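Colleague: Here you go, run_26.csv (CSV, C-alpha atoms (C1' of nucleotides)):
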chain,number,residue,atom,x,y,z
A,1,MET,CA,-26.4,7.7,-79.2
A,2,HIS,CA,-25.7,10.0,-76.3
A,3,MET,CA,-24.6,8.5,-73.1
A,4,GLN,CA,-27.4,10.3,-71.2
A,5,THR,CA,-29.9,8.5,-73.4
A,6,LEU,CA,-28.3,5.2,-72.7
A,7,PHE,CA,-28.5,6.0,-69.0
A,8,LYS,CA,-32.1,6.9,-69.1
A,9,MET,CA,-33.0,3.7,-71.1
A,10,LEU,CA,-31.3,1.6,-68.4
A,11,LEU,CA,-33.2,3.5,-65.7
A,12,LYS,CA,-36.4,2.9,-67.5
A,13,ASN,CA,-35.8,-0.8,-67.6
A,14,HIS,CA,-34.3,-1.3,-64.1
A,15,HIS,CA,-34.8,0.2,-60.7
A,16,PRO,CA,-32.1,2.2,-59.0
A,17,GLN,CA,-29.7,-0.4,-57.7
A,18,GLY,CA,-28.5,0.8,-54.3
A,19,TRP,CA,-24.9,0.0,-54.6
A,20,TRP,CA,-22.6,-0.8,-53.0
A,21,PRO,CA,-24.4,-3.5,-50.9
A,22,ILE,CA,-23.4,-3.4,-47.2
A,23,ALA,CA,-24.0,-6.6,-45.2
A,24,GLY,CA,-26.0,-8.0,-48.1
A,25,LYS,CA,-28.3,-5.0,-48.2
A,26,TYR,CA,-28.9,-2.6,-51.1
A,27,HIS,CA,-30.0,0.9,-50.4
A,28,PRO,CA,-31.6,2.5,-53.5
A,29,ARG,CA,-31.3,6.3,-53.8
A,30,ASP,CA,-29.1,6.4,-50.7
A,31,TYR,CA,-25.6,7.5,-51.8
A,32,SER,CA,-24.3,8.2,-48.3
A,33,CYS,CA,-22.5,4.9,-47.9
A,34,PRO,CA,-20.0,4.1,-46.6
A,35,ARG,CA,-21.0,5.7,-43.3
A,36,ASN,CA,-17.9,4.6,-41.5
A,37,GLN,CA,-14.4,3.1,-41.9
A,38,GLN,CA,-15.7,-0.5,-41.2
A,39,GLN,CA,-18.2,-0.2,-44.1
A,40,ARG,CA,-15.5,1.2,-46.3
A,41,GLU,CA,-13.3,-1.8,-45.6
A,42,GLU,CA,-16.1,-4.2,-46.3
A,43,ILE,CA,-16.6,-2.6,-49.7
A,44,ILE,CA,-12.9,-2.8,-50.6
A,45,ILE,CA,-12.8,-6.4,-49.5
A,46,GLY,CA,-15.8,-7.2,-51.6
A,47,ALA,CA,-14.4,-5.4,-54.6
A,48,ILE,CA,-11.4,-7.8,-54.6
A,49,LEU,CA,-13.5,-10.9,-53.9
A,50,THR,CA,-15.8,-10.2,-56.8
A,51,GLN,CA,-13.0,-10.2,-59.4
A,52,ASN,CA,-14.3,-12.5,-62.2
A,53,THR,CA,-16.7,-14.1,-59.7
A,54,SER,CA,-20.4,-14.0,-59.2
A,55,TRP,CA,-21.6,-11.8,-56.3
A,56,LYS,CA,-23.5,-14.8,-54.9
A,57,ASN,CA,-20.3,-16.6,-54.2
A,58,VAL,CA,-18.8,-13.4,-52.8
A,59,GLU,CA,-21.6,-12.9,-50.3
A,60,LYS,CA,-20.9,-16.4,-48.9
A,61,ALA,CA,-17.3,-15.5,-48.4
A,62,LEU,CA,-18.2,-12.2,-46.8
A,63,GLU,CA,-20.5,-14.0,-44.4
A,64,GLN,CA,-17.7,-16.3,-43.4
A,65,LEU,CA,-15.3,-13.4,-42.9
A,66,ARG,CA,-17.9,-11.6,-40.8
A,67,LYS,CA,-18.6,-14.7,-38.7
A,68,ASN,CA,-14.9,-15.1,-38.1
A,69,LYS,CA,-14.4,-11.4,-37.2
A,70,LEU,CA,-12.2,-11.0,-40.2
A,71,LEU,CA,-14.1,-8.3,-42.1
A,72,SER,CA,-11.5,-5.6,-41.4
A,73,PHE,CA,-8.0,-4.7,-42.5
A,74,SER,CA,-6.5,-5.0,-39.1
A,75,ALA,CA,-8.0,-8.5,-38.6
A,76,LEU,CA,-6.9,-9.6,-42.1
A,77,LEU,CA,-3.3,-8.6,-41.4
A,78,LYS,CA,-3.2,-10.7,-38.3
A,79,CYS,CA,-4.9,-13.7,-39.8
A,80,PRO,CA,-2.8,-16.6,-41.2
A,81,LYS,CA,-3.1,-16.8,-45.0
A,82,SER,CA,-4.4,-20.3,-44.9
A,83,THR,CA,-7.2,-19.4,-42.5
A,84,LEU,CA,-8.2,-16.5,-44.7
A,85,ALA,CA,-8.1,-18.7,-47.8
A,86,THR,CA,-10.5,-21.2,-46.1
A,87,CYS,CA,-13.0,-18.4,-45.2
A,88,ILE,CA,-13.1,-17.0,-48.8
A,89,ARG,CA,-13.2,-20.4,-50.5
A,90,SER,CA,-16.5,-19.9,-52.1
A,91,SER,CA,-15.4,-16.8,-54.0
A,92,GLY,CA,-12.9,-18.8,-56.0
A,93,TYR,CA,-9.2,-18.1,-56.6
A,94,PHE,CA,-8.9,-18.2,-52.9
A,95,ASN,CA,-5.2,-18.5,-52.6
A,96,GLN,CA,-4.6,-15.5,-54.9
A,97,LYS,CA,-7.4,-13.5,-53.2
A,98,ALA,CA,-6.0,-14.2,-49.7
A,99,ILE,CA,-2.7,-12.6,-50.8
A,100,LYS,CA,-4.5,-9.7,-52.5
A,101,LEU,CA,-6.6,-9.0,-49.4
A,102,LYS,CA,-3.5,-8.8,-47.3
A,103,GLU,CA,-1.8,-6.6,-49.8
A,104,ILE,CA,-4.6,-4.0,-49.9
A,105,ALA,CA,-4.9,-4.1,-46.1
A,106,SER,CA,-1.2,-3.5,-45.8
A,107,PHE,CA,-1.4,-0.7,-48.4
A,108,PHE,CA,-4.0,1.3,-46.4
A,109,LYS,CA,-2.1,0.8,-43.2
A,110,ARG,CA,1.0,2.2,-44.8
A,111,ASN,CA,-1.0,5.1,-46.4
A,112,PRO,CA,-3.1,6.6,-43.6
A,113,TYR,CA,-3.5,9.9,-45.5
A,114,PHE,CA,-4.8,8.3,-48.7
A,115,ARG,CA,-8.0,10.4,-48.5
A,116,MET,CA,-6.0,13.6,-48.7
A,117,LEU,CA,-4.5,12.7,-52.1
A,118,SER,CA,-5.8,13.9,-55.4
A,119,LEU,CA,-7.9,11.5,-57.4
A,120,GLU,CA,-5.2,10.9,-59.9
A,121,LYS,CA,-2.6,10.2,-57.3
A,122,GLN,CA,-5.0,7.8,-55.5
A,123,ARG,CA,-5.7,5.9,-58.6
A,124,GLU,CA,-2.0,5.7,-59.5
A,125,LYS,CA,-1.1,4.3,-56.0
A,126,LEU,CA,-3.9,1.8,-56.0
A,127,LEU,CA,-2.8,0.5,-59.4
A,128,HIS,CA,0.6,-0.3,-58.0
A,129,VAL,CA,-0.8,-2.6,-55.4
A,130,HIS,CA,-0.5,-6.3,-56.4
A,131,GLY,CA,-4.0,-7.6,-57.4
A,132,ILE,CA,-5.5,-4.2,-58.1
A,133,GLY,CA,-6.2,-3.5,-61.7
A,134,PRO,CA,-8.2,-0.7,-63.3
A,135,GLU,CA,-11.7,-1.9,-62.5
A,136,THR,CA,-10.9,-2.8,-58.9
A,137,ALA,CA,-9.1,0.5,-58.4
A,138,ASP,CA,-12.0,2.5,-59.8
A,139,SER,CA,-14.5,0.5,-57.8
A,140,ILE,CA,-12.7,1.3,-54.6
A,141,LEU,CA,-12.5,4.9,-55.5
A,142,LEU,CA,-16.1,5.2,-56.6
A,143,TYR,CA,-17.9,3.0,-54.1
A,144,ALA,CA,-15.6,3.1,-51.0
A,145,PHE,CA,-14.5,6.7,-51.3
A,146,ARG,CA,-17.3,8.3,-53.4
A,147,ARG,CA,-14.9,9.7,-55.9
A,148,PRO,CA,-16.2,10.7,-59.3
A,149,ILE,CA,-14.7,8.0,-61.5
A,150,PHE,CA,-16.5,5.6,-63.8
A,151,VAL,CA,-16.0,1.9,-63.5
A,152,VAL,CA,-15.8,-0.1,-66.7
A,153,ASP,CA,-16.4,-3.9,-66.6
A,154,ALA,CA,-17.0,-6.7,-69.0
A,155,TYR,CA,-20.7,-5.8,-69.3
A,156,THR,CA,-19.8,-2.2,-70.2
A,157,LYS,CA,-17.6,-3.4,-73.0
A,158,ARG,CA,-20.3,-5.6,-74.3
A,159,LEU,CA,-22.9,-2.8,-74.1
A,160,PHE,CA,-20.6,-0.5,-76.0
A,161,ALA,CA,-19.9,-3.1,-78.7
A,162,LEU,CA,-23.7,-3.8,-79.0
A,163,HIS,CA,-24.4,-0.1,-79.6
A,164,GLY,CA,-21.6,0.1,-82.2
A,165,PHE,CA,-19.5,2.5,-80.2
A,166,LYS,CA,-15.9,2.7,-81.4
A,167,GLU,CA,-14.3,2.8,-78.0
A,168,LYS,CA,-12.8,-0.6,-77.1
A,169,THR,CA,-10.3,-0.4,-74.3
A,170,TYR,CA,-10.9,0.3,-70.7
A,171,ASP,CA,-9.5,3.8,-70.8
A,172,GLU,CA,-11.3,4.8,-74.0
A,173,ILE,CA,-14.7,3.7,-72.6
A,174,GLN,CA,-14.1,5.3,-69.3
A,175,GLN,CA,-13.1,8.6,-70.9
A,176,ARG,CA,-16.1,8.8,-73.1
A,177,CYS,CA,-18.5,8.1,-70.3
A,178,MET,CA,-16.9,10.7,-68.1
A,179,ARG,CA,-16.8,13.2,-71.0
A,180,GLU,CA,-20.5,12.8,-71.7
A,181,LEU,CA,-22.0,12.4,-68.2
A,182,PRO,CA,-22.0,14.9,-65.3
A,183,HIS,CA,-18.8,14.5,-63.2
A,184,ASP,CA,-20.9,13.3,-60.2
A,185,PHE,CA,-20.1,10.1,-58.3
A,186,LYS,CA,-23.8,9.4,-57.8
A,187,VAL,CA,-24.3,9.3,-61.6
A,188,TYR,CA,-21.3,7.0,-62.1
A,189,ASN,CA,-22.4,4.9,-59.2
A,190,GLU,CA,-25.9,4.3,-60.6
A,191,PHE,CA,-24.8,4.0,-64.2
A,192,HIS,CA,-22.3,1.2,-63.6
A,193,ALA,CA,-24.7,-0.6,-61.3
A,194,LEU,CA,-27.4,-0.4,-63.9
A,195,ILE,CA,-25.1,-1.8,-66.6
A,196,VAL,CA,-24.4,-4.8,-64.3
A,197,ALA,CA,-28.1,-5.2,-63.8
A,198,TRP,CA,-28.6,-5.1,-67.5
A,199,GLY,CA,-25.8,-7.6,-68.1
A,200,LYS,CA,-27.3,-10.1,-65.7
A,201,THR,CA,-30.7,-10.0,-67.3
A,202,GLN,CA,-29.0,-10.2,-70.7
A,203,ARG,CA,-27.3,-13.4,-69.6
A,204,LEU,CA,-30.6,-14.9,-68.3
A,205,ASN,CA,-32.3,-14.1,-71.6
A,206,ASN,CA,-29.5,-15.8,-73.5
A,207,ARG,CA,-30.0,-18.9,-71.4
A,208,LYS,CA,-33.8,-19.0,-71.9
A,209,GLY,CA,-33.4,-18.5,-75.6
A,210,ARG,CA,-30.7,-21.0,-76.0
A,211,LYS,CA,-31.4,-23.9,-78.2
A,212,ARG,CA,-31.2,-27.1,-76.3
A,213,VAL,CA,-31.2,-30.6,-77.8
O,1,DA,C1',-22.6,-31.1,-68.5
O,2,DG,C1',-20.5,-27.1,-69.7
O,3,DC,C1',-20.1,-22.2,-69.6
O,4,DC,C1',-19.4,-18.3,-67.0
O,5,DA,C1',-19.2,-14.8,-63.0
O,6,DG,C1',-19.3,-7.2,-60.9
O,7,DG,C1',-10.5,-9.4,-63.2
O,8,DC,C1',-5.5,-9.6,-62.6
O,9,DT,C1',-0.8,-11.2,-63.3
O,10,DA,C1',2.7,-13.1,-65.9
O,11,DC,C1',4.3,-14.2,-70.0
O,12,DC,C1',4.3,-14.8,-75.0
O,13,DG,C1',5.0,-13.3,-80.0
X,1,DC,C1',1.2,-3.2,-78.2
X,2,DG,C1',-2.6,-7.3,-78.3
X,3,DG,C1',-3.5,-12.1,-77.0
X,4,DT,C1',-3.9,-15.8,-73.5
X,5,DA,C1',-3.0,-19.6,-69.6
X,6,DG,C1',-3.7,-19.9,-64.9
X,7,DC,C1',-6.2,-19.0,-60.9
X,8,DA,C1',-11.2,-22.1,-58.6
X,9,DT,C1',-15.8,-22.1,-56.8
X,10,DG,C1',-20.8,-22.6,-57.4
X,11,DG,C1',-25.1,-21.3,-60.1
X,12,DC,C1',-27.8,-22.2,-63.7
Translate this structure into structure tokens?
Modeller:
Amino acid sequence: MHMQTLFKMLLKNHHPQGWWPIAGKYHPRDYSCPRNQQQREEIIIGAILTQNTSWKNVEKALEQLRKNKLLSFSALLKCPKSTLATCIRSSGYFNQKAIKLKEIASFFKRNPYFRMLSLEKQREKLLHVHGIGPETADSILLYAFRRPIFVVDAYTKRLFALHGFKEKTYDEIQQRCMRELPHDFKVYNEFHALIVAWGKTQRLNNRKGRKRV
DNA sequence: AGCCAGGCTACCG
DNA sequence: CGGTAGCATGGC
């Protein structure tokens, strides 16, 4: 099956998702976010907090950060690690994530001209930051910087396997998606978000259908 | 009561 | 290279 077909099937079964959520709000068909540096930082912080964690738990952590005026890189850098860990408790792995948040904040402080770099260079530099792997790096590039790069996650791998595609690894799947879809950040934005929407319903269905004693 | 979430690092064979 | 323990909370 062609990737376009898969995309259209997802669009038929789900509404446009309006990623990345800002302050808990989705904005379907509006791809103009982030509108400012503060929103960009919120996206990046969320991208780290959501590593192997449900978005519900991340939202609570983001609210705590917002309430404590910690939802920005400059504030994160000044904040004691233990305070930070307490705020993001609900997102799990809070000690690790407290370190990661400080790492990424420090990275962007040391790289004020990040936006001027080529996409390849940006990705390479992000991957060298402790706590930033391929999915988080690509999420940051796609959703915080509107760069045309496709994000692969656990759901994407499941979807590919389900359709019998031969691509297995992160890079293989990413390359195929980018080869077969327009090189447009809006397309990659919606496609990834739709796959997550699909993945969530998939999980719900599995639960309902599960045999219980 | 488990299993799992919008992963990553470190370490193993 | 591929595989996996550890990290940790909260929803269902």
Colleague: Which one is closest to chain O: A:Trp198, A:Phe114, A:Phe107, A:Phe145? Count only C-alpha atoms (C1' of nucleotides).
Modeller: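 Under the stated criterion, the closest residue is A:Trp198.
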Colleague: Pick out the closest residue to DC3 of chain O from this set: A:Cys33, A:Arg207, A:Tyr170, A:Lys8. Count all atoms listed in the file.
Modeller: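 Of A:Cys33, A:Arg207, A:Tyr170, A:Lys8, the one nearest DC3 of chain O, counting all atoms listed in the file, is A:Arg207.
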Colleague: Please report as JSON lines every residue of chain X lying within 9 Å of chain A, along with the nearest atom pair and their distance in Å (one decimal), using only C-alpha atoms (C1' of nucleotides).
Modeller:
{"residue": "X:DC7", "atom": "C1'", "partner": "A:Tyr93", "partner_atom": "CA", "distance": 5.3}
{"residue": "X:DA8", "atom": "C1'", "partner": "A:Gly92", "partner_atom": "CA", "distance": 4.5}
{"residue": "X:DT9", "atom": "C1'", "partner": "A:Gly92", "partner_atom": "CA", "distance": 4.5}
{"residue": "X:DG10", "atom": "C1'", "partner": "A:Asn57", "partner_atom": "CA", "distance": 6.8}
{"residue": "X:DG11", "atom": "C1'", "partner": "A:Lys56", "partner_atom": "CA", "distance": 8.5}
{"residue": "X:DC12", "atom": "C1'", "partner": "A:Arg207", "partner_atom": "CA", "distance": 8.7}
Colleague: Find the residues around Gly131 of chain A up to 9 Å (all atoms listed in the file counted), leave out those fewer than 3 positions away in its own chain, and share them as number ranges by chain.
Modeller: A: 48, 96-97, 99-101, 103-104, 127-128, 136; O: 7-9
Colleague: At a cut-off of 10 Å, which residues of chain A touch chain O? Count only C-alpha atoms (C1' of nucleotides) and give the answer as a PyMOL selection string.
Modeller: chain A and resi 46-57+91+96+130-136+139+152-155+192-193+195-197+199-200+203
Colleague: Have a look at atom CA of Trp20 of chain A and atom C1' of DG6 of chain X and let me know their distance in Å, one decimal.
Modeller: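 These atoms are spaced 29.4 Å apart.
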Colleague: Expressed in Å to a single decimal, how great is the separation between atom CA of Lys81 of chain A and atom CA of Ala98 of chain A?
Modeller: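 Atom CA of Ala98 of chain A lies 6.1 Å from atom CA of Lys81 of chain A.
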Colleague: At what distance in Å, to one decimal, does atom CA of Ala137 of chain A lie from atom CA of Gln4 of chain A?
Modeller: 24.4 Å
Colleague: Excluding Glu180 of chain A and residues on its chain fewer than 2 positions from it, collect all residues at most 9 Å away from it, counting all atoms listed in the file, and give them as an MDAnalysis selection string.
Modeller: chainID A and resid 2:4 175:178 182:183
Colleague: Go through A:Val187, A:Leu162, A:Ile45, A:Ala23 and flag the residue nearest Pro148 of chain A, using all atoms listed in the file for the distances.
Modeller: A:Val187
Colleague: Selecting N, CA, C and O atoms (P, O5', C5', C4', C3', O3' and C1' of nucleotides), how would chain X from this structure be written as an mmCIF file, in the first residue's frame?
Modeller:
data_model
loop_
_atom_site.group_PDB
_atom_site.id
_atom_site.type_symbol
_atom_site.label_atom_id
_atom_site.label_comp_id
_atom_site.auth_asym_id
_atom_site.auth_seq_id
_atom_site.Cartn_x
_atom_site.Cartn_y
_atom_site.Cartn_z
ATOM 1 P P DC X 1 25.344 -0.221 13.790
ATOM 2 O "O5'" DC X 1 24.733 -1.654 14.101
ATOM 3 C "C5'" DC X 1 24.130 -2.474 13.099
ATOM 4 C "C4'" DC X 1 24.040 -3.868 13.637
ATOM 5 C "C3'" DC X 1 22.829 -4.118 14.527
ATOM 6 O "O3'" DC X 1 21.753 -4.559 13.727
ATOM 7 C "C1'" DC X 1 24.840 -5.073 15.474
ATOM 8 P P DG X 2 20.226 -4.080 14.158
ATOM 9 O "O5'" DG X 2 19.905 -5.148 15.291
ATOM 10 C "C5'" DG X 2 19.889 -6.531 14.995
ATOM 11 C "C4'" DG X 2 19.719 -7.298 16.289
ATOM 12 C "C3'" DG X 2 18.449 -6.910 17.053
ATOM 13 O "O3'" DG X 2 17.853 -8.085 17.575
ATOM 14 C "C1'" DG X 2 20.333 -6.563 18.424
ATOM 15 P P DG X 3 16.412 -8.032 18.314
ATOM 16 O "O5'" DG X 3 16.825 -8.133 19.847
ATOM 17 C "C5'" DG X 3 17.483 -9.298 20.341
ATOM 18 C "C4'" DG X 3 17.723 -9.141 21.823
ATOM 19 C "C3'" DG X 3 16.499 -8.628 22.596
ATOM 20 O "O3'" DG X 3 16.286 -9.418 23.752
ATOM 21 C "C1'" DG X 3 18.397 -7.282 23.044
ATOM 22 P P DT X 4 15.034 -9.163 24.707
ATOM 23 O "O5'" DT X 4 15.699 -8.299 25.872
ATOM 24 C "C5'" DT X 4 16.774 -8.855 26.637
ATOM 25 C "C4'" DT X 4 17.108 -7.916 27.791
ATOM 26 C "C3'" DT X 4 15.876 -7.348 28.511
ATOM 27 O "O3'" DT X 4 16.207 -7.194 29.892
ATOM 28 C "C1'" DT X 4 17.148 -5.584 27.716
ATOM 29 P P DA X 5 15.105 -7.484 31.007
ATOM 30 O "O5'" DA X 5 15.740 -6.752 32.271
ATOM 31 C "C5'" DA X 5 17.096 -7.027 32.645
ATOM 32 C "C4'" DA X 5 17.662 -5.844 33.431
ATOM 33 C "C3'" DA X 5 16.701 -5.266 34.462
ATOM 34 O "O3'" DA X 5 17.488 -4.805 35.566
ATOM 35 C "C1'" DA X 5 17.163 -3.616 32.835
ATOM 36 P P DG X 6 16.726 -4.280 36.868
ATOM 37 O "O5'" DG X 6 16.726 -2.705 36.629
ATOM 38 C "C5'" DG X 6 17.966 -2.004 36.597
ATOM 39 C "C4'" DG X 6 17.681 -0.541 36.326
ATOM 40 C "C3'" DG X 6 16.516 0.025 37.146
ATOM 41 O "O3'" DG X 6 16.979 1.169 37.849
ATOM 42 C "C1'" DG X 6 16.290 0.563 34.846
ATOM 43 P P DC X 7 16.095 1.774 38.974
ATOM 44 O "O5'" DC X 7 15.468 3.068 38.272
ATOM 45 C "C5'" DC X 7 16.334 4.068 37.729
ATOM 46 C "C4'" DC X 7 15.532 4.945 36.796
ATOM 47 C "C3'" DC X 7 14.224 5.483 37.405
ATOM 48 O "O3'" DC X 7 14.195 6.877 37.228
ATOM 49 C "C1'" DC X 7 13.884 4.685 35.234
ATOM 50 P P DA X 8 13.635 7.774 38.335
ATOM 51 O "O5'" DA X 8 12.080 7.431 38.215
ATOM 52 C "C5'" DA X 8 11.403 6.773 39.241
ATOM 53 C "C4'" DA X 8 9.950 7.177 39.141
ATOM 54 C "C3'" DA X 8 9.017 6.486 40.145
ATOM 55 O "O3'" DA X 8 7.978 7.403 40.419
ATOM 56 C "C1'" DA X 8 8.391 5.862 37.967
ATOM 57 P P DT X 9 7.021 7.169 41.640
ATOM 58 O "O5'" DT X 9 5.708 7.890 41.099
ATOM 59 C "C5'" DT X 9 5.817 9.149 40.434
ATOM 60 C "C4'" DT X 9 4.735 9.246 39.384
ATOM 61 C "C3'" DT X 9 3.341 8.915 39.913
ATOM 62 O "O3'" DT X 9 2.513 10.046 39.747
ATOM 63 C "C1'" DT X 9 3.785 7.765 37.868
ATOM 64 P P DG X 10 1.150 10.125 40.559
ATOM 65 O "O5'" DG X 10 0.098 9.631 39.459
ATOM 66 C "C5'" DG X 10 -0.011 10.344 38.254
ATOM 67 C "C4'" DG X 10 -0.906 9.604 37.276
ATOM 68 C "C3'" DG X 10 -2.257 9.177 37.845
ATOM 69 O "O3'" DG X 10 -3.182 9.244 36.779
ATOM 70 C "C1'" DG X 10 -1.148 7.295 37.043
ATOM 71 P P DG X 11 -4.732 9.473 37.079
ATOM 72 O "O5'" DG X 11 -5.335 8.934 35.696
ATOM 73 C "C5'" DG X 11 -4.473 8.829 34.582
ATOM 74 C "C4'" DG X 11 -5.019 7.908 33.538
ATOM 75 C "C3'" DG X 11 -6.471 7.494 33.703
ATOM 76 O "O3'" DG X 11 -6.994 7.273 32.409
ATOM 77 C "C1'" DG X 11 -5.105 5.583 33.955
ATOM 78 P P DC X 12 -8.609 7.185 32.227
ATOM 79 O "O5'" DC X 12 -8.826 5.645 31.892
ATOM 80 C "C5'" DC X 12 -8.059 5.034 30.851
ATOM 81 C "C4'" DC X 12 -8.115 3.531 30.999
ATOM 82 C "C3'" DC X 12 -9.505 3.011 31.382
ATOM 83 O "O3'" DC X 12 -9.931 2.070 30.432
ATOM 84 C "C1'" DC X 12 -7.804 2.021 32.721
#
